[in-house]
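Below is work_11.cif, holding mmCIF, C-alpha atoms.
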data_input
#
loop_
_atom_site.group_PDB
_atom_site.id
_atom_site.type_symbol
_atom_site.label_atom_id
_atom_site.label_comp_id
_atom_site.auth_asym_id
_atom_site.auth_seq_id
_atom_site.Cartn_x
_atom_site.Cartn_y
_atom_site.Cartn_z
ATOM 1 C CA MET A 1 -13.457 -9.534 32.727
ATOM 2 C CA ASN A 2 -12.635 -13.097 31.811
ATOM 3 C CA VAL A 3 -9.005 -13.782 32.818
ATOM 4 C CA GLU A 4 -8.564 -15.975 29.737
ATOM 5 C CA PHE A 5 -8.752 -12.772 27.682
ATOM 6 C CA ILE A 6 -5.614 -11.235 29.218
ATOM 7 C CA ASN A 7 -2.663 -13.322 28.019
ATOM 8 C CA PRO A 8 -3.546 -13.225 24.308
ATOM 9 C CA PHE A 9 -3.268 -9.437 24.377
ATOM 10 C CA LEU A 10 -0.002 -9.436 26.334
ATOM 11 C CA GLU A 11 1.491 -11.980 23.923
ATOM 12 C CA ALA A 12 0.155 -10.203 20.854
ATOM 13 C CA VAL A 13 1.801 -6.897 21.825
ATOM 14 C CA VAL A 14 5.191 -8.571 22.196
ATOM 15 C CA ASN A 15 4.753 -10.658 19.003
ATOM 16 C CA VAL A 16 3.713 -7.704 16.852
ATOM 17 C CA LEU A 17 6.362 -5.276 18.099
ATOM 18 C CA LYS A 18 9.076 -7.936 17.721
ATOM 19 C CA THR A 19 7.983 -8.823 14.205
ATOM 20 C CA MET A 20 7.146 -5.376 12.873
ATOM 21 C CA ALA A 21 9.446 -3.065 14.816
ATOM 22 C CA PHE A 22 12.282 -5.441 15.799
ATOM 23 C CA THR A 23 11.704 -4.158 19.312
ATOM 24 C CA ASP A 24 11.350 -6.168 22.487
ATOM 25 C CA PRO A 25 9.037 -4.305 24.852
ATOM 26 C CA THR A 26 9.335 -4.918 28.593
ATOM 27 C CA PRO A 27 5.944 -5.765 30.111
ATOM 28 C CA GLY A 28 5.051 -4.081 33.403
ATOM 29 C CA LYS A 29 2.454 -5.388 35.833
ATOM 30 C CA PRO A 30 -1.067 -5.319 34.373
ATOM 31 C CA PHE A 31 -3.665 -3.663 36.575
ATOM 32 C CA LEU A 32 -7.406 -3.123 36.605
ATOM 33 C CA LYS A 33 -8.326 0.487 36.080
ATOM 34 C CA LYS A 34 -11.003 1.909 38.328
ATOM 35 C CA LYS A 35 -13.989 3.545 36.708
ATOM 36 C CA GLY A 36 -13.364 7.224 36.143
ATOM 37 C CA GLU A 37 -9.577 6.771 36.198
ATOM 38 C CA PRO A 38 -8.405 7.751 32.733
ATOM 39 C CA SER A 39 -5.229 6.512 31.077
ATOM 40 C CA GLN A 40 -3.219 8.993 29.036
ATOM 41 C CA GLY A 41 -1.249 8.855 25.815
ATOM 42 C CA ASP A 42 -0.148 11.027 22.899
ATOM 43 C CA ILE A 43 -1.305 8.741 20.080
ATOM 44 C CA THR A 44 -3.814 5.898 20.442
ATOM 45 C CA GLY A 45 -5.189 3.263 18.095
ATOM 46 C CA ILE A 46 -8.670 2.012 19.015
ATOM 47 C CA VAL A 47 -10.161 -1.222 17.696
ATOM 48 C CA GLY A 48 -13.692 -2.240 18.611
ATOM 49 C CA MET A 49 -14.434 -5.944 19.041
ATOM 50 C CA THR A 50 -17.662 -7.905 18.834
ATOM 51 C CA GLY A 51 -18.216 -11.587 19.590
ATOM 52 C CA PRO A 52 -19.262 -13.536 22.690
ATOM 53 C CA VAL A 53 -19.077 -10.164 24.481
ATOM 54 C CA LYS A 54 -18.494 -6.630 23.261
ATOM 55 C CA GLY A 55 -15.039 -5.196 23.806
ATOM 56 C CA SER A 56 -12.589 -2.508 22.901
ATOM 57 C CA LEU A 57 -8.824 -2.402 22.563
ATOM 58 C CA ALA A 58 -6.733 0.763 22.910
ATOM 59 C CA VAL A 59 -3.021 0.759 22.061
ATOM 60 C CA SER A 60 -1.624 4.029 23.361
ATOM 61 C CA PHE A 61 1.900 5.388 22.950
ATOM 62 C CA SER A 62 3.799 8.287 24.424
ATOM 63 C CA GLU A 63 5.307 10.410 21.667
ATOM 64 C CA ALA A 64 8.831 9.184 22.530
ATOM 65 C CA ALA A 65 7.755 5.520 22.381
ATOM 66 C CA ILE A 66 6.036 5.708 18.991
ATOM 67 C CA LEU A 67 8.846 7.770 17.445
ATOM 68 C CA GLN A 68 11.245 5.025 18.514
ATOM 69 C CA VAL A 69 8.982 2.241 17.198
ATOM 70 C CA VAL A 70 8.318 3.867 13.832
ATOM 71 C CA SER A 71 11.910 4.987 13.304
ATOM 72 C CA THR A 72 12.967 1.360 13.785
ATOM 73 C CA MET A 73 10.124 0.010 11.585
ATOM 74 C CA PHE A 74 10.968 2.248 8.648
ATOM 75 C CA GLY A 75 14.718 2.608 9.212
ATOM 76 C CA GLU A 76 14.614 6.413 9.192
ATOM 77 C CA ASP A 77 14.365 9.046 11.893
ATOM 78 C CA PHE A 78 10.880 10.314 12.685
ATOM 79 C CA THR A 79 10.699 13.392 14.897
ATOM 80 C CA GLU A 80 6.988 14.338 14.881
ATOM 81 C CA LEU A 81 3.588 12.637 14.915
ATOM 82 C CA ASN A 82 2.641 12.884 11.235
ATOM 83 C CA GLY A 83 0.247 10.952 8.979
ATOM 84 C CA ASP A 84 2.723 8.101 8.417
ATOM 85 C CA ILE A 85 2.841 7.563 12.167
ATOM 86 C CA GLN A 86 -0.964 7.651 12.439
ATOM 87 C CA ASP A 87 -1.116 4.959 9.753
ATOM 88 C CA ALA A 88 1.517 2.906 11.565
ATOM 89 C CA VAL A 89 -0.411 3.108 14.856
ATOM 90 C CA GLY A 90 -3.615 2.020 13.079
ATOM 91 C CA GLU A 91 -1.789 -0.878 11.485
ATOM 92 C CA LEU A 92 -0.040 -1.948 14.713
ATOM 93 C CA SER A 93 -3.386 -1.821 16.575
ATOM 94 C CA ASN A 94 -4.984 -3.900 13.846
ATOM 95 C CA MET A 95 -2.205 -6.479 14.007
ATOM 96 C CA ILE A 96 -2.252 -6.672 17.815
ATOM 97 C CA SER A 97 -6.029 -7.157 17.707
ATOM 98 C CA GLY A 98 -5.637 -9.770 14.962
ATOM 99 C CA ASP A 99 -2.947 -11.755 16.756
ATOM 100 C CA ALA A 100 -4.883 -11.655 20.051
ATOM 101 C CA ARG A 101 -8.102 -12.689 18.286
ATOM 102 C CA ARG A 102 -6.296 -15.624 16.655
ATOM 103 C CA MET A 103 -5.290 -16.838 20.146
ATOM 104 C CA LEU A 104 -8.761 -16.155 21.568
ATOM 105 C CA ALA A 105 -10.350 -18.131 18.722
ATOM 106 C CA GLU A 106 -8.112 -21.092 19.635
ATOM 107 C CA LYS A 107 -9.642 -20.941 23.134
ATOM 108 C CA GLY A 108 -13.135 -20.893 21.618
ATOM 109 C CA TYR A 109 -13.815 -17.155 21.748
ATOM 110 C CA ALA A 110 -14.368 -15.863 18.220
ATOM 111 C CA PHE A 111 -14.199 -12.072 17.977
ATOM 112 C CA GLU A 112 -14.511 -9.770 15.002
ATOM 113 C CA ALA A 113 -12.749 -6.418 14.849
ATOM 114 C CA SER A 114 -13.792 -3.003 13.586
ATOM 115 C CA ILE A 115 -11.743 -0.540 11.540
ATOM 116 C CA PRO A 116 -9.067 1.059 13.727
ATOM 117 C CA THR A 117 -9.503 4.720 14.656
ATOM 118 C CA VAL A 118 -6.382 6.702 15.538
ATOM 119 C CA ILE A 119 -6.413 9.651 17.935
ATOM 120 C CA THR A 120 -3.509 12.085 18.106
ATOM 121 C CA GLY A 121 -3.205 14.804 20.728
ATOM 122 C CA LYS A 122 -0.783 15.524 23.564
ATOM 123 C CA ASN A 123 -1.925 13.848 26.789
ATOM 124 C CA HIS A 124 -5.406 12.857 25.729
ATOM 125 C CA SER A 125 -7.216 10.571 28.132
ATOM 126 C CA ILE A 126 -8.975 7.306 27.358
ATOM 127 C CA SER A 127 -12.014 5.984 29.189
ATOM 128 C CA HIS A 128 -14.703 3.353 28.792
ATOM 129 C CA THR A 129 -18.235 3.689 29.947
ATOM 130 C CA VAL A 130 -19.196 0.090 30.618
ATOM 131 C CA VAL A 131 -19.690 -1.424 34.025
ATOM 132 C CA GLY A 132 -16.875 -3.947 33.545
ATOM 133 C CA PRO A 133 -13.324 -2.956 34.481
ATOM 134 C CA SER A 134 -10.616 -2.082 31.961
ATOM 135 C CA LEU A 135 -7.337 -3.952 32.106
ATOM 136 C CA VAL A 136 -4.260 -1.802 31.547
ATOM 137 C CA MET A 137 -1.097 -3.561 30.357
ATOM 138 C CA PRO A 138 1.854 -1.159 30.655
ATOM 139 C CA PHE A 139 5.069 -1.662 28.668
ATOM 140 C CA THR A 140 8.314 0.200 28.282
ATOM 141 C CA LEU A 141 10.620 0.389 25.300
ATOM 142 C CA GLY A 142 14.357 0.845 25.725
ATOM 143 C CA GLU A 143 15.249 2.810 28.830
ATOM 144 C CA LYS A 144 12.024 4.526 29.700
ATOM 145 C CA HIS A 145 9.629 5.167 26.820
ATOM 146 C CA PRO A 146 6.183 4.063 28.048
ATOM 147 C CA PHE A 147 3.225 2.726 26.154
ATOM 148 C CA PHE A 148 0.244 0.687 27.215
ATOM 149 C CA VAL A 149 -2.482 -1.525 25.919
ATOM 150 C CA GLU A 150 -5.932 -1.310 27.472
ATOM 151 C CA ALA A 151 -8.580 -3.949 26.935
ATOM 152 C CA CYS A 152 -12.152 -3.630 28.084
ATOM 153 C CA PHE A 153 -14.900 -6.242 27.794
ATOM 154 C CA GLU A 154 -18.477 -6.455 28.928
ATOM 155 C CA ASP A 155 -18.953 -8.850 31.784
ATOM 156 C CA LYS A 156 -22.106 -10.572 30.555
ATOM 157 C CA ARG A 157 -21.982 -13.919 28.760
ATOM 158 C CA GLU A 158 -18.209 -14.003 29.104
ATOM 159 C CA GLY A 159 -18.168 -17.577 30.327
ATOM 160 C CA THR A 160 -19.668 -18.918 27.129
ATOM 161 C CA PRO A 161 -17.126 -19.699 24.422
ATOM 162 C CA THR A 162 -18.375 -19.444 20.862
ATOM 163 C CA ALA A 163 -17.350 -22.029 18.300
ATOM 164 C CA ALA A 164 -13.700 -21.599 17.313
ATOM 165 C CA ARG A 165 -13.211 -20.567 13.709
ATOM 166 C CA MET B 1 -18.645 3.843 1.030
ATOM 167 C CA ASN B 2 -22.164 2.635 0.371
ATOM 168 C CA VAL B 3 -24.439 5.730 0.162
ATOM 169 C CA GLU B 4 -27.236 3.785 1.862
ATOM 170 C CA PHE B 5 -25.129 3.952 5.034
ATOM 171 C CA ILE B 6 -25.240 7.762 5.277
ATOM 172 C CA ASN B 7 -28.842 8.702 6.095
ATOM 173 C CA PRO B 8 -29.250 6.331 9.042
ATOM 174 C CA PHE B 9 -26.377 8.084 10.826
ATOM 175 C CA LEU B 10 -27.675 11.582 10.020
ATOM 176 C CA GLU B 11 -31.138 10.640 11.273
ATOM 177 C CA ALA B 12 -29.789 8.874 14.349
ATOM 178 C CA VAL B 13 -27.837 11.945 15.484
ATOM 179 C CA VAL B 14 -30.933 14.134 15.283
ATOM 180 C CA ASN B 15 -33.183 11.481 16.915
ATOM 181 C CA VAL B 16 -30.843 10.843 19.832
ATOM 182 C CA LEU B 17 -30.068 14.496 20.585
ATOM 183 C CA LYS B 18 -33.760 15.390 20.391
ATOM 184 C CA THR B 19 -34.769 12.544 22.671
ATOM 185 C CA MET B 20 -31.920 12.648 25.169
ATOM 186 C CA ALA B 21 -30.864 16.286 25.207
ATOM 187 C CA PHE B 22 -34.057 18.028 24.018
ATOM 188 C CA THR B 23 -31.794 19.716 21.465
ATOM 189 C CA ASP B 24 -32.380 20.109 17.757
ATOM 190 C CA PRO B 25 -28.990 20.109 16.016
ATOM 191 C CA THR B 26 -28.664 21.832 12.635
ATOM 192 C CA PRO B 27 -27.049 19.511 10.079
ATOM 193 C CA GLY B 28 -24.374 20.998 7.828
ATOM 194 C CA LYS B 29 -23.325 19.548 4.493
ATOM 195 C CA PRO B 30 -21.704 16.106 4.841
ATOM 196 C CA PHE B 31 -18.382 15.717 3.059
ATOM 197 C CA LEU B 32 -15.889 12.997 2.305
ATOM 198 C CA LYS B 33 -12.650 13.473 4.183
ATOM 199 C CA LYS B 34 -9.471 12.933 2.248
ATOM 200 C CA LYS B 35 -6.960 10.478 3.608
ATOM 201 C CA GLY B 36 -4.525 12.196 5.941
ATOM 202 C CA GLU B 37 -6.972 15.038 6.661
ATOM 203 C CA PRO B 38 -7.749 14.777 10.368
ATOM 204 C CA SER B 39 -10.925 16.016 12.029
ATOM 205 C CA GLN B 40 -10.595 17.655 15.432
ATOM 206 C CA GLY B 41 -12.625 17.671 18.609
ATOM 207 C CA ASP B 42 -12.280 18.052 22.377
ATOM 208 C CA ILE B 43 -14.196 14.917 23.398
ATOM 209 C CA THR B 44 -14.964 11.975 21.129
ATOM 210 C CA GLY B 45 -16.909 8.751 21.523
ATOM 211 C CA ILE B 46 -15.743 5.923 19.264
ATOM 212 C CA VAL B 47 -17.818 2.846 18.489
ATOM 213 C CA GLY B 48 -16.433 0.064 16.306
ATOM 214 C CA MET B 49 -18.841 -1.800 14.042
ATOM 215 C CA THR B 50 -18.669 -5.246 12.470
ATOM 216 C CA GLY B 51 -21.075 -6.774 9.991
ATOM 217 C CA PRO B 52 -21.240 -6.956 6.191
ATOM 218 C CA VAL B 53 -18.198 -4.650 6.275
ATOM 219 C CA LYS B 54 -16.040 -3.337 9.091
ATOM 220 C CA GLY B 55 -16.665 0.215 10.189
ATOM 221 C CA SER B 56 -16.125 2.812 12.841
ATOM 222 C CA LEU B 57 -18.212 5.677 14.168
ATOM 223 C CA ALA B 58 -16.773 8.757 15.885
ATOM 224 C CA VAL B 59 -19.045 11.303 17.575
ATOM 225 C CA SER B 60 -16.898 14.317 18.346
ATOM 226 C CA PHE B 61 -17.863 17.454 20.248
ATOM 227 C CA SER B 62 -16.233 20.801 20.845
ATOM 228 C CA GLU B 63 -16.108 21.559 24.560
ATOM 229 C CA ALA B 64 -18.807 24.261 24.182
ATOM 230 C CA ALA B 65 -21.152 21.879 22.332
ATOM 231 C CA ILE B 66 -20.940 19.013 24.830
ATOM 232 C CA LEU B 67 -21.266 21.353 27.832
ATOM 233 C CA GLN B 68 -24.494 22.651 26.285
ATOM 234 C CA VAL B 69 -25.790 19.134 25.519
ATOM 235 C CA VAL B 70 -25.015 17.701 28.942
ATOM 236 C CA SER B 71 -26.254 20.762 30.852
ATOM 237 C CA THR B 72 -29.580 20.367 29.034
ATOM 238 C CA MET B 73 -29.664 16.573 29.528
ATOM 239 C CA PHE B 74 -29.117 16.765 33.274
ATOM 240 C CA GLY B 75 -30.764 20.139 33.958
ATOM 241 C CA GLU B 76 -27.703 21.554 35.709
ATOM 242 C CA ASP B 77 -24.756 23.676 34.573
ATOM 243 C CA PHE B 78 -21.635 21.788 33.579
ATOM 244 C CA THR B 79 -18.509 23.893 33.089
ATOM 245 C CA GLU B 80 -15.719 21.335 32.561
ATOM 246 C CA LEU B 81 -15.172 17.968 30.873
ATOM 247 C CA ASN B 82 -15.419 15.617 33.853
ATOM 248 C CA GLY B 83 -16.216 11.912 34.242
ATOM 249 C CA ASP B 84 -19.980 12.469 34.027
ATOM 250 C CA ILE B 85 -19.494 14.071 30.633
ATOM 251 C CA GLN B 86 -17.250 11.232 29.451
ATOM 252 C CA ASP B 87 -19.998 8.792 30.446
ATOM 253 C CA ALA B 88 -22.602 10.890 28.641
ATOM 254 C CA VAL B 89 -20.510 10.966 25.450
ATOM 255 C CA GLY B 90 -20.061 7.182 25.606
ATOM 256 C CA GLU B 91 -23.790 6.735 26.096
ATOM 257 C CA LEU B 92 -24.759 9.179 23.315
ATOM 258 C CA SER B 93 -22.320 7.441 20.922
ATOM 259 C CA ASN B 94 -23.799 4.087 21.858
ATOM 260 C CA MET B 95 -27.336 5.333 21.255
ATOM 261 C CA ILE B 96 -26.471 6.982 17.921
ATOM 262 C CA SER B 97 -24.791 3.754 16.797
ATOM 263 C CA GLY B 98 -27.789 1.753 18.032
ATOM 264 C CA ASP B 99 -30.397 3.909 16.288
ATOM 265 C CA ALA B 100 -28.382 3.941 13.029
ATOM 266 C CA ARG B 101 -27.880 0.162 13.225
ATOM 267 C CA ARG B 102 -31.612 -0.332 13.698
ATOM 268 C CA MET B 103 -32.230 1.587 10.450
ATOM 269 C CA LEU B 104 -29.388 -0.226 8.663
ATOM 270 C CA ALA B 105 -30.828 -3.589 9.748
ATOM 271 C CA GLU B 106 -34.172 -2.581 8.190
ATOM 272 C CA LYS B 107 -32.302 -2.117 4.910
ATOM 273 C CA GLY B 108 -30.731 -5.562 5.284
ATOM 274 C CA TYR B 109 -27.347 -4.550 6.728
ATOM 275 C CA ALA B 110 -26.944 -6.110 10.159
ATOM 276 C CA PHE B 111 -24.109 -4.561 12.173
ATOM 277 C CA GLU B 112 -22.882 -5.268 15.682
ATOM 278 C CA ALA B 113 -21.235 -2.591 17.820
ATOM 279 C CA SER B 114 -18.287 -2.644 20.198
ATOM 280 C CA ILE B 115 -18.014 -0.989 23.601
ATOM 281 C CA PRO B 116 -17.652 2.789 23.189
ATOM 282 C CA THR B 117 -14.264 4.326 23.981
ATOM 283 C CA VAL B 118 -14.186 7.994 24.975
ATOM 284 C CA ILE B 119 -11.208 10.249 24.298
ATOM 285 C CA THR B 120 -10.838 13.599 26.047
ATOM 286 C CA GLY B 121 -8.164 16.154 25.163
ATOM 287 C CA LYS B 122 -8.203 19.659 23.728
ATOM 288 C CA ASN B 123 -8.055 19.570 19.930
ATOM 289 C CA HIS B 124 -7.198 15.928 19.454
ATOM 290 C CA SER B 125 -7.365 14.709 15.887
ATOM 291 C CA ILE B 126 -9.185 11.657 14.573
ATOM 292 C CA SER B 127 -8.086 9.576 11.605
ATOM 293 C CA HIS B 128 -8.788 6.226 10.022
ATOM 294 C CA THR B 129 -6.257 4.082 8.280
ATOM 295 C CA VAL B 130 -8.418 2.200 5.810
ATOM 296 C CA VAL B 131 -8.441 2.736 2.087
ATOM 297 C CA GLY B 132 -12.120 3.743 2.050
ATOM 298 C CA PRO B 133 -13.045 7.396 2.649
ATOM 299 C CA SER B 134 -14.510 8.730 5.883
ATOM 300 C CA LEU B 135 -17.764 10.644 5.751
ATOM 301 C CA VAL B 136 -17.910 13.671 8.015
ATOM 302 C CA MET B 137 -21.362 14.939 9.048
ATOM 303 C CA PRO B 138 -21.017 18.376 10.665
ATOM 304 C CA PHE B 139 -23.700 19.794 12.963
ATOM 305 C CA THR B 140 -24.123 22.919 15.015
ATOM 306 C CA LEU B 141 -26.035 23.454 18.230
ATOM 307 C CA GLY B 142 -27.622 26.774 19.036
ATOM 308 C CA GLU B 143 -25.741 29.696 17.561
ATOM 309 C CA LYS B 144 -22.373 28.239 16.783
ATOM 310 C CA HIS B 145 -21.294 25.256 18.906
ATOM 311 C CA PRO B 146 -19.953 22.673 16.453
ATOM 312 C CA PHE B 147 -19.869 18.919 16.656
ATOM 313 C CA PHE B 148 -19.557 16.232 14.034
ATOM 314 C CA VAL B 149 -20.143 12.591 13.387
ATOM 315 C CA GLU B 150 -17.665 10.673 11.284
ATOM 316 C CA ALA B 151 -18.435 7.265 9.809
ATOM 317 C CA CYS B 152 -15.904 5.105 8.044
ATOM 318 C CA PHE B 153 -16.536 1.756 6.371
ATOM 319 C CA GLU B 154 -14.407 -0.643 4.380
ATOM 320 C CA ASP B 155 -15.306 -0.652 0.731
ATOM 321 C CA LYS B 156 -15.261 -4.393 0.141
ATOM 322 C CA ARG B 157 -18.450 -6.460 0.157
ATOM 323 C CA GLU B 158 -20.504 -3.340 0.822
ATOM 324 C CA GLY B 159 -23.030 -4.145 -1.876
ATOM 325 C CA THR B 160 -24.126 -7.353 -0.192
ATOM 326 C CA PRO B 161 -26.827 -6.905 2.422
ATOM 327 C CA THR B 162 -26.882 -9.466 5.207
ATOM 328 C CA ALA B 163 -30.168 -10.893 6.431
ATOM 329 C CA ALA B 164 -32.072 -8.315 8.488
ATOM 330 C CA ARG B 165 -32.409 -9.238 12.133
#

Produce structure tokens that represent the structure in this file.
Amino acid sequence: MNVEFINPFLEAVVNVLKTMAFTDPTPGKPFLKKKGEPSQGDITGIVGMTGPVKGSLAVSFSEAAILQVVSTMFGEDFTELNGDIQDAVGELSNMISGDARRMLAEKGYAFEASIPTVITGKNHSISHTVVGPSLVMPFTLGEKHPFFVEACFEDKREGTPTAAR
Amino acid sequence: MNVEFINPFLEAVVNVLKTMAFTDPTPGKPFLKKKGEPSQGDITGIVGMTGPVKGSLAVSFSEAAILQVVSTMFGEDFTELNGDIQDAVGELSNMISGDARRMLAEKGYAFEASIPTVITGKNHSISHTVVGPSLVMPFTLGEKHPFFVEACFEDKREGTPTAAR
């Protein structure tokens, strides 16, 4: 995975959560996930990306983390993962992808994004089937509520920037 | 959702399962899913699509259905959803997307596909956050093992074919 792809996603997560949820997430240390090692969350937004290489972005929250984010976004207490929260996760994933793609385009890598798909289910696991590694960027909100962003890109052609748009 | 987009996915599911898993799935009646009405599965491959419109494809199996498919594909008995099965679901999703995109390209709609993401977790639900409806294509394998394919596309610009590639 091209290292130039990492920072735009880290920055986009912080930008979007600050702007939309008035929340300042604490980044943990990003790590490369081994093949066959699934990551787990309770609600996950998935955005496919196409461009100089194929990719995929997963933004995955623990239930506690997304309830905190959405309660702050909407200024009311949410206590369960309902349709409003699914919509919010789709929208946050879309915005994180959009902000990261804006920064990637400035570096010469022009990506397009698919419609976000949202998965809800206690402790589901997320995996990718490509040969390239997945980068996991863990964050915490407040005291201990975890969430993470996982980006996965094909390895081929990654060194070739497309024209910036 | 452009009705021309439906048949390529229906045909692709049957083609890929026949070719890869020597299995002839029985199509049920496709239906449009209302917003906020989640579909549920135990293992789901998700492929994002970009092109004349943005889209997303979810190929979602009950545990019984995917164990049957993969046992037939590999000629050995699988009894739990392990890493090999996650890989197989990613690969089947990729192939279904690829076969459908080949047919869509022949109609003048050229789509690109993202890396597949695979979600595993008992009874997780799948939703999309766009305004356009999702089309659910239910299938059964053998006596009663259900699986379904869900395709979702933005409504805008859908009437404008791109150049076939």

Determine the residue membership of the PyMOL selection byres ((chain A) within 6 of (chain B)) for the file above and supply it as an mmCIF file with C-alpha atoms, keeping the file's coordinate frame.
data_model
loop_
_atom_site.group_PDB
_atom_site.id
_atom_site.type_symbol
_atom_site.label_atom_id
_atom_site.label_comp_id
_atom_site.auth_asym_id
_atom_site.auth_seq_id
_atom_site.Cartn_x
_atom_site.Cartn_y
_atom_site.Cartn_z
ATOM 1 C CA GLY A 36 -13.364 7.224 36.143
ATOM 2 C CA GLY A 48 -13.692 -2.240 18.611
ATOM 3 C CA MET A 49 -14.434 -5.944 19.041
ATOM 4 C CA THR A 50 -17.662 -7.905 18.834
ATOM 5 C CA LYS A 54 -18.494 -6.630 23.261
ATOM 6 C CA GLY A 55 -15.039 -5.196 23.806
ATOM 7 C CA SER A 56 -12.589 -2.508 22.901
ATOM 8 C CA GLY A 83 0.247 10.952 8.979
ATOM 9 C CA ASP A 87 -1.116 4.959 9.753
ATOM 10 C CA GLY A 90 -3.615 2.020 13.079
ATOM 11 C CA SER A 114 -13.792 -3.003 13.586
ATOM 12 C CA ILE A 115 -11.743 -0.540 11.540
ATOM 13 C CA THR A 117 -9.503 4.720 14.656
ATOM 14 C CA VAL A 118 -6.382 6.702 15.538
ATOM 15 C CA ILE A 119 -6.413 9.651 17.935
ATOM 16 C CA THR A 120 -3.509 12.085 18.106
ATOM 17 C CA GLY A 121 -3.205 14.804 20.728
ATOM 18 C CA HIS A 124 -5.406 12.857 25.729
ATOM 19 C CA SER A 125 -7.216 10.571 28.132
ATOM 20 C CA ILE A 126 -8.975 7.306 27.358
ATOM 21 C CA SER A 127 -12.014 5.984 29.189
ATOM 22 C CA HIS A 128 -14.703 3.353 28.792
ATOM 23 C CA THR A 129 -18.235 3.689 29.947
#

(request) Grab the CA of Leu141 (chain A) to CA of Asp99 (chain A) distance for me, in Å with one decimal place. (result)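 For CA of Leu141 (chain A) relative to CA of Asp99 (chain A), the distance reads 20.1 Å.
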
(request) Check which residues satisfy the PyMOL selection byres ((chain A and resi 145) around 6) in the file shown, then give them as an MDAnalysis selection string. (result) chainID A and resid 64:65 140:141 144 146

(request) Pick out the closest residue to Ala151 (chain A) from this set: A:Pro25, A:Pro52, A:Gly75, A:Pro8. Count all atoms listed in the file. (result)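 Smallest distance to Ala151 (chain A) is found for A:Pro8.
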
(request) Could you tell me how far CA of Asn7 (chain B) lies from CA of Pro133 (chain B), in Å and to one decimal? (result)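 Distance between the two atoms: 16.2 Å.
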
(request) Would you mind telling me which residue in B:Val16, B:Leu104, B:Val136, B:Met73 lies nearest to Phe31 (chain B) when using all atoms listed in the file? (result) B:Val136

(message) Could you tell me how far CA of Val59 (chain A) sits from CA of Ala100 (chain A), in Å to one decimal place?
(response) 12.7 Å

(request) Would you kindly return, as a list in words, each protein, DNA or RNA residue with an atom no farther than 10 Å from any atom of Met95 (chain B), considering all atoms listed in the file and excluding same-chain residues fewer than 6 positions away? (result)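 Here the answer would be Ala12, Val13, Asn15, Val16, Leu17, Met20, Val89 and Arg101 of chain B.
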
(request) Could you check which of B:Ala21, B:Val69, B:Ala110, B:Val3 is closest to Phe147 (chain B), using all atoms listed in the file? (result)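 Using all atoms listed in the file, the shortest distance to Phe147 (chain B) belongs to B:Val69.
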
(message) So that I can check the surroundings of Thr72 (chain B), please list as a list of chain:residue names every protein, DNA and RNA residue that reaches within 8 Å of it, counting all atoms listed in the file and ignoring chain neighbours fewer than 4 positions away.
(response) B:Ala21, B:Phe22, B:Thr23, B:Gln68, B:Glu76
